[in-house]
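The data block below is upload27.txt; it holds compact mmCIF, C-alpha atoms.
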```txt
# COMPACT_ATOMS: atom_id res chain seq x y z
CA MET L 1 229.78 104.63 53.09
CA LYS L 2 229.55 101.03 54.29
CA ALA L 3 226.59 99.08 52.92
CA ILE L 4 224.32 97.57 55.55
CA SER L 5 224.26 93.78 55.37
CA ILE L 6 221.10 91.69 55.27
CA GLY L 7 222.08 90.34 58.68
CA GLU L 8 222.18 93.85 60.13
CA LEU L 9 218.81 94.66 58.59
CA LEU L 10 217.34 91.49 60.09
CA SER L 11 218.84 92.17 63.53
CA SER L 12 217.22 95.59 63.62
CA HIS L 13 213.74 94.29 62.78
CA PRO L 14 211.47 93.62 65.81
CA LEU L 15 210.64 90.08 64.61
CA LEU L 16 214.25 88.95 64.81
CA SER L 17 216.05 91.46 67.03
CA GLY L 18 217.91 89.80 69.87
CA LEU L 19 218.29 86.46 68.06
CA PRO L 20 221.80 84.94 68.32
CA ALA L 21 224.12 86.14 65.54
CA ALA L 22 224.56 82.57 64.26
CA ASP L 23 220.79 82.21 63.80
CA ILE L 24 220.58 85.56 62.04
CA GLU L 25 223.35 84.44 59.73
CA THR L 26 221.49 81.18 59.02
CA VAL L 27 218.20 82.84 58.08
CA ALA L 28 219.98 85.66 56.20
CA GLY L 29 220.77 83.10 53.51
CA CYS L 30 217.05 83.01 52.67
CA ALA L 31 216.61 86.80 52.63
CA ARG L 32 217.04 89.62 50.13
CA ASN L 33 216.54 93.36 50.33
CA VAL L 34 213.63 94.63 48.20
CA ILE L 35 212.08 97.96 47.23
CA ILE L 36 208.43 97.97 46.16
CA LYS L 37 206.93 100.88 44.22
CA PRO L 38 203.66 102.51 45.35
CA GLY L 39 200.69 100.57 44.00
CA ASP L 40 202.65 97.37 43.35
CA MET L 41 201.46 94.14 44.93
CA LEU L 42 203.63 92.26 47.40
CA LEU L 43 201.33 89.26 47.32
CA ALA L 44 197.90 88.27 46.06
CA GLU L 45 195.05 86.17 47.45
CA GLY L 46 195.19 82.55 46.27
CA GLN L 47 198.81 82.83 45.14
CA ARG L 48 201.35 80.34 46.50
CA ALA L 49 202.76 81.75 49.77
CA ASP L 50 206.40 81.72 48.80
CA SER L 51 207.50 84.96 50.50
CA LEU L 52 207.45 86.64 53.88
CA TYR L 53 208.19 90.38 54.12
CA LEU L 54 209.69 92.23 57.06
CA VAL L 55 208.74 95.88 56.48
CA ARG L 56 211.53 98.37 57.16
CA TYR L 57 210.06 101.52 55.68
CA GLY L 58 206.73 102.56 54.17
CA ILE L 59 203.13 101.37 54.48
CA VAL L 60 201.61 98.16 53.11
CA SER L 61 197.83 97.79 52.89
CA ILE L 62 196.27 94.38 53.47
CA GLU L 63 193.28 94.13 51.16
CA ILE L 64 190.57 91.79 50.01
CA HIS L 65 188.80 92.06 46.68
CA SER L 66 185.03 92.08 46.59
CA PRO L 67 183.35 91.73 43.19
CA GLY L 68 181.47 94.89 42.29
CA VAL L 69 183.04 96.76 45.20
CA GLY L 70 186.75 96.57 44.48
CA SER L 71 189.60 96.28 46.94
CA ILE L 72 188.69 96.78 50.58
CA VAL L 73 191.55 97.74 52.91
CA ILE L 74 191.28 95.82 56.17
CA ASP L 75 194.58 96.71 57.78
CA THR L 76 197.88 98.48 57.15
CA VAL L 77 201.33 97.38 58.19
CA GLY L 78 204.13 99.87 58.75
CA PRO L 79 207.84 99.80 59.63
CA GLY L 80 208.61 96.93 61.99
CA GLY L 81 205.62 94.94 60.77
CA VAL L 82 205.41 91.62 58.97
CA VAL L 83 203.43 90.77 55.83
CA GLY L 84 202.66 87.25 54.55
CA TRP L 85 201.83 84.81 57.34
CA SER L 86 200.48 82.06 55.08
CA TRP L 87 204.00 80.65 54.55
CA LEU L 88 203.71 79.04 57.97
CA PHE L 89 201.18 76.28 57.38
CA PRO L 90 199.81 74.20 54.51
CA PRO L 91 198.34 74.77 51.98
CA TYR L 92 200.77 77.75 51.79
CA ARG L 93 198.39 80.06 49.91
CA TYR L 94 197.86 83.75 50.68
CA HIS L 95 194.45 84.72 52.07
CA PHE L 96 194.65 88.44 51.28
CA ASP L 97 196.23 90.88 48.88
CA ALA L 98 199.06 93.15 50.06
CA ARG L 99 199.91 96.36 48.22
CA ALA L 100 202.51 99.09 48.75
CA VAL L 101 200.73 102.35 49.62
CA GLU L 102 204.00 104.25 49.34
CA VAL L 103 207.56 103.23 48.57
CA VAL L 104 208.20 100.18 50.72
CA ARG L 105 211.62 98.91 51.71
CA ALA L 106 211.53 95.40 53.11
CA VAL L 107 213.48 92.23 53.60
CA ALA L 108 211.84 89.40 51.65
CA PHE L 109 212.33 85.82 52.77
CA ASP L 110 212.13 82.81 50.51
CA ALA L 111 209.47 80.94 52.51
CA THR L 112 210.50 77.43 51.44
CA CYS L 113 214.12 78.12 52.35
CA LEU L 114 213.08 79.56 55.74
CA ARG L 115 210.81 76.59 56.51
CA ASP L 116 213.56 74.13 55.57
CA LYS L 117 216.05 75.85 57.87
CA ALA L 118 213.54 76.05 60.73
CA GLU L 119 212.80 72.33 60.39
CA THR L 120 216.44 71.28 60.00
CA ASP L 121 217.65 73.31 62.98
CA GLU L 122 215.07 72.61 65.70
CA GLN L 123 216.45 75.20 68.11
CA LEU L 124 216.26 77.91 65.45
CA GLY L 125 212.81 76.67 64.43
CA HIS L 126 211.60 76.90 68.03
CA LEU L 127 212.91 80.45 68.41
CA LEU L 128 211.48 81.53 65.07
CA TYR L 129 208.03 80.05 65.60
CA LYS L 130 207.93 81.52 69.11
CA ARG L 131 208.63 85.00 67.73
CA VAL L 132 206.03 84.52 65.03
CA ALA L 133 203.48 83.34 67.62
CA GLU L 134 204.08 86.49 69.70
CA VAL L 135 203.39 88.74 66.73
CA LEU L 136 200.35 86.71 65.69
CA LEU L 137 198.96 86.90 69.24
CA GLU L 138 199.36 90.66 69.25
CA ARG L 139 197.64 90.90 65.87
CA LEU L 140 194.79 88.69 67.10
CA GLN L 141 194.33 90.83 70.22
CA MET L 142 194.27 94.04 68.18
CA THR L 143 191.73 92.52 65.80
CA ARG L 144 189.51 91.52 68.72
CA VAL L 145 189.71 95.02 70.21
CA ARG L 146 188.79 96.49 66.83
CA LEU L 147 185.62 94.40 66.88
CA LEU L 148 184.51 96.45 69.90
CA ASP L 149 183.96 99.49 67.68
CA LEU L 150 185.61 101.65 70.35
CA TYR L 151 184.80 104.96 68.71
CA GLY L 152 181.22 104.00 67.85
CA SER L 153 178.08 105.85 68.91
CA LYS L 154 178.10 104.45 72.46
CA SER L 155 181.49 105.94 73.21
CA VAL L 156 181.46 109.34 74.93
CA ARG L 157 184.99 109.99 73.73
CA MET G 158 179.87 127.96 92.87
CA ALA G 159 177.46 129.44 90.33
CA PRO G 160 178.08 129.19 86.60
CA LEU G 161 179.29 132.36 84.89
CA PRO G 162 177.43 133.43 81.74
CA TYR G 163 179.32 133.12 78.43
CA ARG G 164 178.05 133.97 74.98
CA VAL G 165 178.53 131.57 72.07
CA THR G 166 180.57 133.41 69.44
CA GLU G 167 181.23 130.66 66.90
CA THR G 168 180.38 127.02 66.22
CA GLN G 169 181.95 124.54 63.87
CA GLU G 170 180.89 121.00 63.06
CA GLU G 171 184.04 118.85 63.24
CA ALA G 172 182.38 115.52 62.38
CA PRO G 173 178.86 114.14 62.50
CA GLY G 174 177.63 114.78 66.08
CA VAL G 175 180.81 116.60 67.12
CA VAL G 176 180.79 120.39 67.38
CA THR G 177 183.40 122.90 68.53
CA ILE G 178 181.90 125.92 70.27
CA SER G 179 183.76 129.12 71.07
CA ILE G 180 182.44 131.20 73.95
CA SER G 181 183.38 134.56 75.49
CA PRO G 182 182.50 135.91 78.95
CA LEU G 183 179.58 138.29 79.31
CA GLY G 184 181.18 139.68 82.49
CA THR G 185 183.62 137.99 84.82
CA ALA G 186 185.75 135.28 83.22
CA ILE G 187 186.81 132.03 84.88
CA PRO G 188 190.52 131.78 85.83
CA ALA G 189 193.12 130.71 83.25
CA HIS G 190 193.28 126.97 82.58
CA ARG G 191 196.03 124.42 82.00
CA HIS G 192 195.94 122.14 78.97
CA GLY G 193 193.92 119.02 79.81
CA GLN G 194 191.60 120.61 82.39
CA PHE G 195 187.82 120.65 81.97
CA ASN G 196 184.91 122.99 82.61
CA MET G 197 181.34 122.29 83.67
CA LEU G 198 179.18 123.76 80.89
CA THR G 199 175.53 124.54 81.61
CA ALA G 200 172.79 124.35 79.03
CA PHE G 201 170.30 126.45 80.97
CA GLY G 202 167.11 124.59 81.79
CA LEU G 203 168.69 121.20 81.05
CA GLY G 204 171.74 120.75 83.22
CA GLU G 205 175.53 120.62 83.31
CA SER G 206 178.12 118.47 81.62
CA ALA G 207 181.89 118.14 82.08
CA ILE G 208 183.61 119.17 78.86
CA SER G 209 187.37 119.34 78.29
CA LEU G 210 188.86 122.54 76.94
CA SER G 211 190.11 122.21 73.38
CA GLY G 212 191.48 125.73 73.11
CA SER G 213 191.35 129.33 74.29
CA GLY G 214 191.93 132.84 72.98
CA PRO G 215 192.21 136.47 73.95
CA GLU G 216 189.69 138.25 76.19
CA GLY G 217 188.68 135.11 78.02
CA LYS G 218 187.65 133.15 74.94
CA LEU G 219 187.21 129.43 75.60
CA VAL G 220 186.89 126.61 73.09
CA HIS G 221 185.20 123.27 73.84
CA THR G 222 184.61 120.36 71.51
CA VAL G 223 181.43 118.50 72.37
CA ARG G 224 180.08 115.14 71.27
CA ASP G 225 176.29 114.82 71.21
CA VAL G 226 175.57 111.93 73.60
CA GLY G 227 172.67 113.23 75.74
CA PRO G 228 170.28 116.12 76.39
CA VAL G 229 172.90 118.60 77.70
CA THR G 230 175.54 117.84 75.09
CA SER G 231 172.86 117.82 72.39
CA ALA G 232 171.82 121.34 73.43
CA LEU G 233 175.47 122.48 73.49
CA CYS G 234 176.06 120.97 70.03
CA GLY G 235 172.96 122.79 68.79
CA ALA G 236 173.94 126.17 70.29
CA ARG G 237 174.09 129.11 67.87
CA PRO G 238 176.18 132.31 68.02
CA GLY G 239 174.48 134.65 70.46
CA ASP G 240 173.18 131.90 72.75
CA VAL G 241 174.28 131.99 76.38
CA VAL G 242 175.74 129.04 78.28
CA GLY G 243 177.06 128.77 81.83
CA VAL G 244 180.65 127.94 82.75
CA ARG G 245 182.22 126.71 86.00
CA GLY G 246 185.87 125.81 86.17
CA PRO G 247 188.55 125.14 85.28
CA PHE G 248 188.74 121.84 87.15
CA GLY G 249 191.14 118.96 87.58
CA THR G 250 194.67 118.20 86.55
CA GLY G 251 196.35 118.96 83.22
CA TRP G 252 198.86 117.21 80.95
CA GLY G 253 201.75 119.12 82.50
CA VAL G 254 203.21 120.41 79.24
CA GLU G 255 203.45 124.02 80.40
CA ASP G 256 207.01 123.90 81.78
CA GLY G 257 208.46 122.23 78.67
CA SER G 258 210.46 119.63 80.60
CA PHE G 259 209.04 116.68 78.61
CA LEU G 260 210.71 117.74 75.38
CA GLU G 261 213.98 118.49 77.14
CA GLU G 262 214.07 114.89 78.37
CA GLY G 263 213.07 113.10 75.17
CA ASP G 264 210.35 112.56 72.61
CA VAL G 265 206.69 113.07 73.41
CA VAL G 266 204.29 110.56 71.91
CA VAL G 267 200.66 111.62 71.92
CA VAL G 268 198.02 108.94 71.27
CA ALA G 269 194.43 110.05 70.78
CA GLY G 270 191.33 108.13 69.77
CA GLY G 271 188.11 109.68 68.50
CA ILE G 272 187.11 112.84 70.33
CA GLY G 273 189.94 112.11 72.78
CA LEU G 274 192.00 114.42 70.58
CA ALA G 275 190.02 117.41 71.90
CA PRO G 276 191.53 117.53 75.43
CA LEU G 277 194.99 117.12 73.84
CA ARG G 278 194.63 119.82 71.19
CA GLY G 279 196.03 122.69 73.26
CA ALA G 280 198.83 120.51 74.65
CA ILE G 281 199.89 119.38 71.18
CA SER G 282 199.94 122.96 69.86
CA ALA G 283 202.04 124.00 72.85
CA LEU G 284 204.48 121.09 72.35
CA VAL G 285 204.87 121.77 68.61
CA ALA G 286 205.46 125.50 69.27
CA ARG G 287 207.97 124.74 72.01
CA ARG G 288 209.88 122.30 69.78
CA SER G 289 210.03 124.87 66.97
CA ALA G 290 211.29 127.52 69.39
CA ALA G 291 213.92 125.13 70.76
CA LEU G 292 215.16 124.26 67.27
CA GLU G 293 215.33 127.95 66.38
CA ALA G 294 217.32 128.64 69.54
CA ARG G 295 219.48 125.56 68.78
CA THR G 296 218.63 124.00 72.11
CA ARG G 297 217.86 120.36 72.78
CA SER G 298 214.37 119.16 72.00
CA GLY G 299 212.72 115.81 71.54
CA ASN G 300 210.29 115.07 68.73
CA VAL G 301 206.52 115.34 68.94
CA CYS G 302 204.99 112.10 67.59
CA LEU G 303 201.22 111.87 67.18
CA VAL G 304 199.19 108.72 66.61
CA ILE G 305 195.59 109.65 65.95
CA GLY G 306 192.79 107.12 65.54
CA ALA G 307 189.17 107.36 64.46
CA ARG G 308 186.43 105.01 63.35
CA GLU G 309 186.13 106.42 59.82
CA PRO G 310 187.91 109.19 57.89
CA GLN G 311 184.87 111.49 58.15
CA GLN G 312 184.98 111.18 61.94
CA LEU G 313 188.49 112.59 62.19
CA ILE G 314 188.42 115.95 63.94
CA PHE G 315 190.76 118.96 63.69
CA GLY G 316 191.97 118.17 60.16
CA ASP G 317 193.45 121.68 59.81
CA ASP G 318 195.33 121.26 63.07
CA LEU G 319 196.76 117.89 61.97
CA ALA G 320 198.15 119.55 58.84
CA ARG G 321 199.48 122.49 60.86
CA TRP G 322 201.17 120.22 63.41
CA ALA G 323 202.77 118.17 60.64
CA ALA G 324 203.98 121.36 58.96
CA GLY G 325 205.36 122.43 62.34
CA GLY G 326 207.56 119.33 62.51
CA ALA G 327 205.35 116.84 64.36
CA ARG G 328 205.39 113.25 63.10
CA VAL G 329 201.73 112.58 62.48
CA THR G 330 200.32 109.07 61.99
CA VAL G 331 196.58 108.83 61.38
CA THR G 332 194.70 105.54 61.36
CA VAL G 333 191.05 104.59 60.97
CA ASP G 334 189.13 101.39 61.65
CA ILE G 335 186.99 101.57 58.52
CA PRO G 336 188.64 103.29 55.52
CA ASP G 337 186.80 104.59 52.48
CA ALA G 338 188.00 104.32 48.88
CA ARG G 339 189.94 107.61 49.06
CA TRP G 340 191.74 106.88 52.32
CA ARG G 341 195.53 106.67 52.00
CA GLY G 342 196.48 106.64 55.67
CA GLY G 343 196.79 103.85 58.18
CA VAL G 344 194.11 101.28 58.94
CA GLY G 345 193.76 99.56 62.31
CA LEU G 346 193.97 100.41 65.98
CA VAL G 347 196.31 103.13 67.23
CA THR G 348 198.20 100.47 69.18
CA SER G 349 199.12 98.73 65.93
CA HIS G 350 200.78 101.93 64.72
CA LEU G 351 202.88 102.82 67.77
CA GLY G 352 205.91 101.20 66.18
CA ALA G 353 205.59 103.42 63.12
CA ALA G 354 205.29 106.61 65.20
CA GLY G 355 209.07 107.04 65.18
CA PHE G 356 209.76 107.93 68.83
CA GLU G 357 212.78 107.01 70.92
CA VAL G 358 211.73 105.03 73.99
CA GLU G 359 214.55 106.40 76.17
CA GLY G 360 213.24 109.48 78.01
CA ALA G 361 209.92 109.41 76.15
CA THR G 362 206.75 110.82 77.66
CA ALA G 363 203.34 109.58 76.49
CA LEU G 364 200.01 111.40 76.67
CA ILE G 365 196.97 109.20 75.94
CA CYS G 366 193.31 110.12 75.63
CA GLY G 367 190.44 108.13 74.19
CA PRO G 368 188.10 105.29 75.10
CA GLU G 369 189.41 103.59 78.24
CA ILE G 370 189.92 100.23 76.52
CA MET G 371 192.06 101.98 73.92
CA MET G 372 194.05 103.70 76.67
CA ARG G 373 194.61 100.38 78.48
CA PHE G 374 195.97 98.66 75.41
CA THR G 375 198.01 101.68 74.38
CA ALA G 376 199.56 102.16 77.82
CA ARG G 377 200.41 98.44 78.05
CA GLY G 378 201.90 98.54 74.55
CA LEU G 379 204.07 101.52 75.47
CA VAL G 380 205.23 99.88 78.71
CA ASP G 381 206.06 96.68 76.78
CA ALA G 382 208.04 98.83 74.34
CA GLY G 383 210.07 100.21 77.25
CA VAL G 384 208.39 103.53 78.13
CA ALA G 385 208.51 104.09 81.89
CA PRO G 386 204.96 103.82 83.38
CA GLU G 387 205.43 107.00 85.41
CA ARG G 388 206.08 108.88 82.14
CA ILE G 389 202.73 107.80 80.69
CA ARG G 390 199.68 109.97 81.37
CA VAL G 391 196.12 108.96 80.68
CA ALA G 392 192.89 110.98 80.88
CA LEU G 393 190.16 109.31 82.91
CA GLU G 394 186.52 110.01 82.35
CA ARG G 395 183.83 109.51 84.98
CA ASN G 396 180.51 111.08 85.93
CA MET G 397 181.76 114.48 87.02
CA GLN G 398 179.04 116.57 88.70
CA CYS G 399 180.25 119.04 91.34
CA GLY G 400 183.79 119.44 90.02
CA LEU G 401 184.91 120.15 93.57
CA ALA G 402 185.47 116.64 94.96
CA TRP G 403 182.44 117.01 97.25
CA CYS G 404 179.70 114.85 95.74
CA GLY G 405 181.66 111.64 95.07
CA HIS G 406 179.93 110.82 91.77
CA CYS G 407 183.27 110.58 89.98
CA GLN G 408 184.96 108.37 92.57
CA LEU G 409 187.22 105.71 91.08
CA GLY G 410 188.95 103.71 93.81
CA PRO G 411 190.99 106.18 95.85
CA LEU G 412 190.59 108.91 93.22
CA LEU G 413 187.99 111.62 92.84
CA VAL G 414 188.49 112.10 89.14
CA CYS G 415 187.25 115.72 89.04
CA ARG G 416 190.03 116.71 91.46
CA ASP G 417 192.75 114.04 91.14
CA GLY G 418 192.19 113.65 87.38
CA PRO G 419 191.22 113.70 84.66
CA VAL G 420 194.92 113.43 83.74
CA VAL G 421 196.77 110.89 85.90
CA PRO G 422 200.08 109.07 85.59
CA TYR G 423 199.79 105.41 84.57
CA THR G 424 200.90 104.01 87.92
CA ASP G 425 200.08 100.52 89.20
CA VAL G 426 197.01 101.99 90.95
CA VAL G 427 195.68 103.49 87.73
CA ALA G 428 196.53 100.39 85.70
CA ASP G 429 194.45 98.35 88.18
CA LEU G 430 191.62 100.91 88.19
CA LEU G 431 191.37 100.75 84.40
CA VAL G 432 190.44 97.07 84.65
CA GLN G 433 188.32 97.40 87.82
CA ARG G 434 184.81 96.02 87.52
CA GLU G 435 182.14 98.39 88.79
CA ARG G 436 179.63 97.00 91.31
```
Just give me the structure of the file as structure tokens.
Amino acid sequence: MKAISIGELLSSHPLLSGLPAADIETVAGCARNVIIKPGDMLLAEGQRADSLYLVRYGIVSIEIHSPGVGSIVIDTVGPGGVVGWSWLFPPYRYHFDARAVEVVRAVAFDATCLRDKAETDEQLGHLLYKRVAEVLLERLQMTRVRLLDLYGSKSVR
Amino acid sequence: MAPLPYRVTETQEEAPGVVTISISPLGTAIPAHRHGQFNMLTAFGLGESAISLSGSGPEGKLVHTVRDVGPVTSALCGARPGDVVGVRGPFGTGWGVEDGSFLEEGDVVVVAGGIGLAPLRGAISALVARRSAALEARTRSGNVCLVIGAREPQQLIFGDDLARWAAGGARVTVTVDIPDARWRGGVGLVTSHLGAAGFEVEGATALICGPEIMMRFTARGLVDAGVAPERIRVALERNMQCGLAWCGHCQLGPLLVCRDGPVVPYTDVVADLLVQRER
């Protein structure tokens, strides 16, 4: 059986699908395939944001720790999702914890490597940041809709 | 069209303020319904309310799942076995799952939010049964993919059905807005979990029921993913009173929802109506 290359994994992920093969090849140099066990952390609040994860399989919970309360889950990210946005802008520190709820298979990017490539190759950088902005916009919209408390007591359904 | 008397045979609290009541005819029964249709239920002395059917059984048994949001629904939620309620119906359009063509053409993705799962319950059971029968007969069948959302885990309804559908081969994704410490499912809006539902866009049919804002975002998300708008069905909810398209209380643009809905295809007209500001 032929092993699937990192490039193929990246091409099949919604964040990068449709990108020119040369660009996929460029960013693939910063990526590695990872498997995270249930309960293990992908990243932790305050830690240096040195990785970005493209989730291929499994569920990741985005959490925040509250003293005396414990970890509060604020969102989950499944296959096709992205975990670890803080790599984008200084001070490059994670704002939340991320934990594998079940076995997670993902492609992990070395954030510094990815930033360097995006800044060296402006066309690639433009494409990459545009894709990232689309996903962030969608996440922002979903967060705003959640604030409506759609299923709350005023809803008939 | 006078309501027919039905006796309450069983009640079950599904979640705080949400009760499923089973009723059987005292005499004449209403005609057979299609999945997705609704009845007008009378709490005698208080009034009528439009309630979707969430199931049925032998000898004219009907099942409705009611959320307590006003005097009539409060009385229905508080009904006890032996009480008598009135029934008119069935009214409106259904999901269209009866002929089985959806699964022959591709996957069916069902997205439900809150008590919006109730009008879909019968349709989901029918789809899961049809898929199992097709697999047994080695004929072509798409998958049944469910994305179910609720505010909190304790507000999820039909927990036994979710387990049964999953055991029957459906791909079930459940997500809540506010998890508790024991919750191990998804967190976030149903729209955020469409990608994880595991359906093939080509030939897919989508059935959506829930708060209208949720349906808008879900339908747009599915269209953006490549699902054909005419293969998306949403369930509208308006102030249904006569059920016969006479009184006009449920008018929404060119539609009288009690007759032309509640289940309608997500055409341009419906997409526009879902964002129409009422005057």
task = Excluding region 100-106 of chain L and any residue of its chain fewer than 5 positions from it, enumerate the residues within 7 Å of it, using only C-alpha atoms, and give them as an NGL selection string.
result = :L and (33-41 or 53-61)
message = Tell me as a VMD selection string which residues belonging to chain G come within 10 Å of chain L, counting all atoms listed in the file.
response = chain G and resid 174 223 to 227 269 to 275 306 to 309 312 332 to 338 340 to 355 366 to 371 374 378 394
note = A straight line from CA of Leu233 (chain G) to CA of Pro173 (chain G) spans 14.2 Å
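With CA of Cys399 (chain G) on one side and CA of Gly279 (chain G) on the other, the separation reads 24.3 Å.
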Using 4 Å of padding on each side, determine the axis-aligned box around all atoms of region 132-141 of chain L present in the file and give its centre and edge lengths in Å to one decimal, as AutoDock Vina command-line options.
```
--center_x 200.2 --center_y 87.1 --center_z 67.6 --size_x 19.7 --size_y 15.6 --size_z 13.2
```
Give me region 243-275 of chain G from this structure - C-alpha atoms, as an mmCIF file, in the first residue's frame.
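Output contents, as saved in out_3.cif:
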```cif
data_model
loop_
_atom_site.group_PDB
_atom_site.id
_atom_site.type_symbol
_atom_site.label_atom_id
_atom_site.label_comp_id
_atom_site.auth_asym_id
_atom_site.auth_seq_id
_atom_site.Cartn_x
_atom_site.Cartn_y
_atom_site.Cartn_z
ATOM 1 C CA GLY G 243 -58.689 17.873 20.593
ATOM 2 C CA VAL G 244 -56.952 17.161 17.299
ATOM 3 C CA ARG G 245 -57.384 18.663 13.820
ATOM 4 C CA GLY G 246 -55.115 17.677 10.980
ATOM 5 C CA PRO G 247 -52.824 16.566 9.598
ATOM 6 C CA PHE G 248 -51.830 19.794 7.865
ATOM 7 C CA GLY G 249 -49.119 21.062 5.567
ATOM 8 C CA THR G 250 -46.272 19.548 3.655
ATOM 9 C CA GLY G 251 -43.863 16.827 4.802
ATOM 10 C CA TRP G 252 -40.155 16.092 4.386
ATOM 11 C CA GLY G 253 -40.837 13.824 1.411
ATOM 12 C CA VAL G 254 -38.916 10.818 2.714
ATOM 13 C CA GLU G 255 -41.721 8.341 2.090
ATOM 14 C CA ASP G 256 -40.717 7.275 -1.432
ATOM 15 C CA GLY G 257 -37.072 6.645 -0.509
ATOM 16 C CA SER G 258 -35.643 8.486 -3.516
ATOM 17 C CA PHE G 259 -33.327 10.678 -1.412
ATOM 18 C CA LEU G 260 -31.174 7.768 -0.292
ATOM 19 C CA GLU G 261 -31.080 6.304 -3.793
ATOM 20 C CA GLU G 262 -29.564 9.567 -5.038
ATOM 21 C CA GLY G 263 -27.009 10.181 -2.294
ATOM 22 C CA ASP G 264 -26.480 10.889 1.373
ATOM 23 C CA VAL G 265 -29.106 12.568 3.515
ATOM 24 C CA VAL G 266 -27.837 15.090 6.037
ATOM 25 C CA VAL G 267 -30.308 16.008 8.753
ATOM 26 C CA VAL G 268 -29.581 19.108 10.842
ATOM 27 C CA ALA G 269 -31.753 19.776 13.881
ATOM 28 C CA GLY G 270 -31.502 22.364 16.619
ATOM 29 C CA GLY G 271 -33.290 22.192 19.964
ATOM 30 C CA ILE G 272 -36.850 20.930 19.732
ATOM 31 C CA GLY G 273 -36.481 21.111 15.942
ATOM 32 C CA LEU G 274 -35.535 17.448 16.184
ATOM 33 C CA ALA G 275 -39.174 16.587 16.987
#
```
